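> One structure, pasted below without further comment.
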Amino acid sequence: MKILIELPTWLGDTVMVTPAIENLISNYSEPDITLIGTKPSIELLKNLKHVNKTQHIEKSYLSIYKISKKLGEFDIFFSFRESFRSKYLKYQVCSKNKFKFKRSRYESLHQVEKYNQFINDSLKTNFKPGKLIINSGFVKNNIRLKPILGINPGASYGSAKMWYPEEFAKVAEKLSNKYDILIFGSNNEQGIANEIENLLIKKGVFNVKNYAGKTSISELVSYISETHLFITGDTGSMHLAATFQIPSVTIFGPTIEKETSQWMNKQSIVVKKDLSCQPCMQKVCPLGHHNCMKLIMADEVLDAVKSLKL
């Protein structure tokens, strides 16, 4: 059975799609799977079992057309994306059966459940979503003398999801006697990561390493897998931490906790306000005050850390 799977664009969604893909794989005895997607999504899942080929896809329609013709024929095609480019890919792909995810069909469910139900609806099955899975084989790093606190302050979705660097720094400073601190983020999140690093250094905290914009996906997964505590916003890295069952505190603002919080992590606490304007799902605060994040103080996050069984 030759199967083509178009992966989600975002890192977090790519992590959250893994239970659905595992159930898809289990439905066939000898599946031959090709993955197509962005570079981060491919890098993250290229080592999943039964994946024999991967293909990075570019944004241009000409590139999509050329790639679709090179891929060959498939028995079945699943797309976990909703963009117009994805619709174009579906049209061009040569496959006997084609299925495309549509978010509006699956309301009031966690994103993991949405992806899984899409597979159930497509295959006429009744699989339950299991744990997040990354069959990585990623290289482990050097063992540190102290436990490791991972911080991911950025958010590729938009500024509305981002807590403040001053508050992150206050939390990290309080925990720096017990933990070495690693700061994570993408190239676009280097600004806030650098600001936190500089604030910590000014406070005399030197056991901090800033990896924002400096890691491959494989390296990011490896570093996060070795953390002992993770403090983050609603980010893709948050879902990587959940994969490894890292005790985590997540700061939620404009997004929907029940849809994108950590999946199946028993040591997971959400810190958020319950304002009338939440969740707005906007990239920038439409009211201009950003109170869903501004009103969250460092002490609230530290109290959440204390309640974890560390």
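Each chain in the structure tokens gets a letter, A, B and so on, in the order shown; residues start at 1 in every chain, and ligands are counted from 1 in the order they appear.
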Would you list the contacts of region 50-55 of chain A as JSON, numbers by chain, taking every protein, DNA or RNA residue within 9 Å and counting only C-alpha atoms, but skipping same-chain residues closer than 6 positions in sequence?
{"A": [25, 30, 31, 32, 33, 34, 35, 36, 37, 38, 39, 42, 67, 71]}
> Given the selection you just returned, output its residues as a file containing all heavy atoms, formatted as an mmCIF file, in the first residue's frame.

data_model
loop_
_atom_site.group_PDB
_atom_site.id
_atom_site.type_symbol
_atom_site.label_atom_id
_atom_site.label_comp_id
_atom_site.auth_asym_id
_atom_site.auth_seq_id
_atom_site.Cartn_x
_atom_site.Cartn_y
_atom_site.Cartn_z
ATOM 1 N N ILE A 25 -0.890 4.094 10.061
ATOM 2 C CA ILE A 25 0.089 3.046 9.749
ATOM 3 C C ILE A 25 -0.399 1.684 10.210
ATOM 4 O O ILE A 25 -0.263 0.678 9.500
ATOM 5 C CB ILE A 25 1.443 3.385 10.392
ATOM 6 C CG1 ILE A 25 2.094 4.574 9.679
ATOM 7 C CG2 ILE A 25 2.387 2.194 10.362
ATOM 8 C CD1 ILE A 25 3.335 5.119 10.369
ATOM 9 N N GLU A 30 1.751 -3.651 5.384
ATOM 10 C CA GLU A 30 3.071 -3.242 4.886
ATOM 11 C C GLU A 30 2.967 -1.910 4.149
ATOM 12 O O GLU A 30 3.135 -1.846 2.933
ATOM 13 C CB GLU A 30 3.649 -4.325 3.968
ATOM 14 C CG GLU A 30 4.071 -5.596 4.672
ATOM 15 C CD GLU A 30 5.234 -5.370 5.622
ATOM 16 O OE1 GLU A 30 6.061 -4.469 5.362
ATOM 17 O OE2 GLU A 30 5.319 -6.101 6.633
ATOM 18 N N PRO A 31 2.697 -0.834 4.869
ATOM 19 C CA PRO A 31 2.561 0.460 4.184
ATOM 20 C C PRO A 31 3.911 0.987 3.693
ATOM 21 O O PRO A 31 4.931 0.833 4.362
ATOM 22 C CB PRO A 31 1.995 1.374 5.283
ATOM 23 C CG PRO A 31 2.480 0.760 6.563
ATOM 24 C CD PRO A 31 2.495 -0.719 6.327
ATOM 25 N N ASP A 32 3.894 1.589 2.548
ATOM 26 C CA ASP A 32 5.074 2.241 1.969
ATOM 27 C C ASP A 32 4.759 3.737 1.949
ATOM 28 O O ASP A 32 4.007 4.217 1.106
ATOM 29 C CB ASP A 32 5.316 1.719 0.555
ATOM 30 C CG ASP A 32 6.500 2.380 -0.130
ATOM 31 O OD1 ASP A 32 7.131 3.263 0.486
ATOM 32 O OD2 ASP A 32 6.786 2.041 -1.288
ATOM 33 N N ILE A 33 5.360 4.474 2.893
ATOM 34 C CA ILE A 33 4.930 5.849 3.148
ATOM 35 C C ILE A 33 5.921 6.865 2.611
ATOM 36 O O ILE A 33 7.131 6.758 2.821
ATOM 37 C CB ILE A 33 4.710 6.073 4.657
ATOM 38 C CG1 ILE A 33 3.539 5.198 5.131
ATOM 39 C CG2 ILE A 33 4.418 7.544 4.955
ATOM 40 C CD1 ILE A 33 3.279 5.260 6.610
ATOM 41 N N THR A 34 5.379 7.865 1.928
ATOM 42 C CA THR A 34 6.130 9.033 1.507
ATOM 43 C C THR A 34 5.570 10.245 2.246
ATOM 44 O O THR A 34 4.351 10.447 2.276
ATOM 45 C CB THR A 34 6.012 9.265 -0.010
ATOM 46 O OG1 THR A 34 6.591 8.166 -0.703
ATOM 47 C CG2 THR A 34 6.732 10.549 -0.419
ATOM 48 N N LEU A 35 6.451 11.033 2.842
ATOM 49 C CA LEU A 35 6.050 12.256 3.524
ATOM 50 C C LEU A 35 6.411 13.462 2.662
ATOM 51 O O LEU A 35 7.495 13.528 2.088
ATOM 52 C CB LEU A 35 6.762 12.393 4.873
ATOM 53 C CG LEU A 35 6.504 11.324 5.932
ATOM 54 C CD1 LEU A 35 7.303 11.646 7.191
ATOM 55 C CD2 LEU A 35 5.022 11.210 6.256
ATOM 56 N N ILE A 36 5.502 14.427 2.595
ATOM 57 C CA ILE A 36 5.773 15.667 1.891
ATOM 58 C C ILE A 36 5.408 16.816 2.821
ATOM 59 O O ILE A 36 4.401 16.746 3.547
ATOM 60 C CB ILE A 36 4.991 15.748 0.557
ATOM 61 C CG1 ILE A 36 5.414 16.966 -0.244
ATOM 62 C CG2 ILE A 36 3.491 15.716 0.783
ATOM 63 C CD1 ILE A 36 4.908 16.960 -1.682
ATOM 64 N N GLY A 37 6.238 17.853 2.858
ATOM 65 C CA GLY A 37 5.953 18.960 3.763
ATOM 66 C C GLY A 37 7.075 19.967 3.833
ATOM 67 O O GLY A 37 7.999 19.955 3.008
ATOM 68 N N THR A 38 7.017 20.848 4.812
ATOM 69 C CA THR A 38 8.053 21.849 5.021
ATOM 70 C C THR A 38 9.313 21.174 5.560
ATOM 71 O O THR A 38 9.274 20.040 6.055
ATOM 72 C CB THR A 38 7.586 22.906 6.026
ATOM 73 O OG1 THR A 38 7.327 22.277 7.289
ATOM 74 C CG2 THR A 38 6.320 23.611 5.543
ATOM 75 N N LYS A 39 10.430 21.883 5.489
ATOM 76 C CA LYS A 39 11.683 21.320 5.987
ATOM 77 C C LYS A 39 11.606 20.932 7.460
ATOM 78 O O LYS A 39 12.054 19.843 7.837
ATOM 79 C CB LYS A 39 12.830 22.305 5.741
ATOM 80 C CG LYS A 39 13.253 22.393 4.282
ATOM 81 C CD LYS A 39 14.423 23.349 4.100
ATOM 82 C CE LYS A 39 14.855 23.392 2.636
ATOM 83 N NZ LYS A 39 15.981 24.337 2.422
ATOM 84 N N ILE A 42 9.395 17.707 7.888
ATOM 85 C CA ILE A 42 10.074 16.530 7.346
ATOM 86 C C ILE A 42 11.212 16.099 8.262
ATOM 87 O O ILE A 42 11.381 14.915 8.564
ATOM 88 C CB ILE A 42 10.603 16.815 5.927
ATOM 89 C CG1 ILE A 42 9.449 16.972 4.940
ATOM 90 C CG2 ILE A 42 11.549 15.705 5.467
ATOM 91 C CD1 ILE A 42 8.615 15.729 4.724
ATOM 92 N N ILE A 67 6.936 18.696 -8.493
ATOM 93 C CA ILE A 67 7.122 17.671 -7.457
ATOM 94 C C ILE A 67 6.029 16.618 -7.533
ATOM 95 O O ILE A 67 6.291 15.413 -7.424
ATOM 96 C CB ILE A 67 7.155 18.328 -6.059
ATOM 97 C CG1 ILE A 67 8.465 19.098 -5.870
ATOM 98 C CG2 ILE A 67 7.003 17.274 -4.960
ATOM 99 C CD1 ILE A 67 8.497 19.951 -4.622
ATOM 100 N N LEU A 71 6.574 12.445 -7.935
ATOM 101 C CA LEU A 71 6.279 11.552 -6.814
ATOM 102 C C LEU A 71 5.796 10.179 -7.269
ATOM 103 O O LEU A 71 5.967 9.193 -6.559
ATOM 104 C CB LEU A 71 5.216 12.195 -5.910
ATOM 105 C CG LEU A 71 5.680 13.372 -5.053
ATOM 106 C CD1 LEU A 71 4.488 14.028 -4.369
ATOM 107 C CD2 LEU A 71 6.698 12.918 -4.011
#
> If you run DSSP over the backbone, which residues in region 269-306 of chain A end up alpha helix (DSSP H)? Put them as a short mmCIF file (atom, residue, chain, number, x, y, z; two decimals) with N, CA and C atoms, in the first residue's frame.

data_model
loop_
_atom_site.label_atom_id
_atom_site.label_comp_id
_atom_site.auth_asym_id
_atom_site.auth_seq_id
_atom_site.Cartn_x
_atom_site.Cartn_y
_atom_site.Cartn_z
N ASN A 291 -3.80 42.23 27.97
CA ASN A 291 -3.93 41.87 29.39
C ASN A 291 -3.87 40.38 29.65
N CYS A 292 -4.20 39.57 28.65
CA CYS A 292 -4.18 38.12 28.86
C CYS A 292 -2.76 37.64 29.19
N MET A 293 -1.77 38.38 28.76
CA MET A 293 -0.37 38.08 29.10
C MET A 293 0.19 39.07 30.12
N LYS A 294 -0.17 40.33 29.99
CA LYS A 294 0.39 41.37 30.85
C LYS A 294 0.04 41.14 32.32
N ALA A 298 5.36 36.73 37.33
CA ALA A 298 6.36 35.67 37.51
C ALA A 298 6.03 34.77 38.69
N ASP A 299 5.50 35.36 39.76
CA ASP A 299 5.19 34.56 40.96
C ASP A 299 4.15 33.49 40.67
N GLU A 300 3.21 33.76 39.76
CA GLU A 300 2.20 32.77 39.41
C GLU A 300 2.84 31.57 38.72
N VAL A 301 3.80 31.84 37.87
CA VAL A 301 4.50 30.76 37.17
C VAL A 301 5.37 29.98 38.16
N LEU A 302 6.02 30.67 39.06
CA LEU A 302 6.84 30.00 40.08
C LEU A 302 5.98 29.14 41.00
N ASP A 303 4.79 29.61 41.33
CA ASP A 303 3.86 28.80 42.14
C ASP A 303 3.46 27.53 41.38
N ALA A 304 3.27 27.66 40.07
CA ALA A 304 2.93 26.49 39.25
C ALA A 304 4.10 25.49 39.25
N VAL A 305 5.31 26.01 39.16
CA VAL A 305 6.50 25.12 39.21
C VAL A 305 6.53 24.37 40.54
N LYS A 306 6.24 25.07 41.62
CA LYS A 306 6.27 24.43 42.95
C LYS A 306 5.24 23.31 43.07
#
> Show me, as a Markdown table, the residues of region 119-188 of chain A having an atom within 12 Å of region 79-101 of chain A, each with the closest atom pair and its distance in Å, using only C-alpha atoms.

| residue | atom | partner | partner_atom | distance |
| --- | --- | --- | --- | --- |
| A:Ile119 | CA | A:Phe101 | CA | 8.7 |
| A:Asn120 | CA | A:Phe99 | CA | 11.3 |
| A:Asp121 | CA | A:Phe99 | CA | 9.6 |
| A:Ser122 | CA | A:Phe99 | CA | 6.6 |
| A:Leu123 | CA | A:Phe99 | CA | 9.5 |
> Taking only C-alpha atoms into account, name the residue in A:Ile21, A:Val284, A:Val112, A:Leu44 that is nearest to Glu259 (chain A).
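Under the stated criterion, the closest residue is A:Val112.
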> Give me every strand (DSSP E) residue in region 144-287 of chain A, going by DSSP on the backbone, as a PyMOL selection string.
chain A and resi 148-152+180-183+208-210+229-233+248-251+268-271
> I'd like to know which of A:Asn198, A:Asn207, A:Asn152, A:Asn27 is closest to Asn177 (chain A), using only C-alpha atoms.
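Once distances to Asn177 (chain A) are computed over only C-alpha atoms, the minimum belongs to A:Asn207.
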> Could you tell me how far CA of Glu197 (chain A) lies from CA of Thr260 (chain A), in Å and to one decimal?
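For CA of Glu197 (chain A) relative to CA of Thr260 (chain A), the distance reads 27.5 Å.
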> Of the residues A:Ile134, A:Leu310, A:Met16, A:Val221, which is the one nearest to Ser261 (chain A), using only C-alpha atoms?
A:Met16
> Restricting the calculation to only C-alpha atoms: of A:Ala242, A:Leu308, A:Ile57, A:Leu295, which residue gets closest to Gly12 (chain A)?
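Counting only C-alpha atoms, the residue closest to Gly12 (chain A) is A:Ala242.
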> Considering only C-alpha atoms, can you say which of A:Glu58, A:Arg103, A:Ile64, A:Ile76 comes closest to Lys2 (chain A)?
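Closest to Lys2 (chain A), using only C-alpha atoms: A:Ile76.
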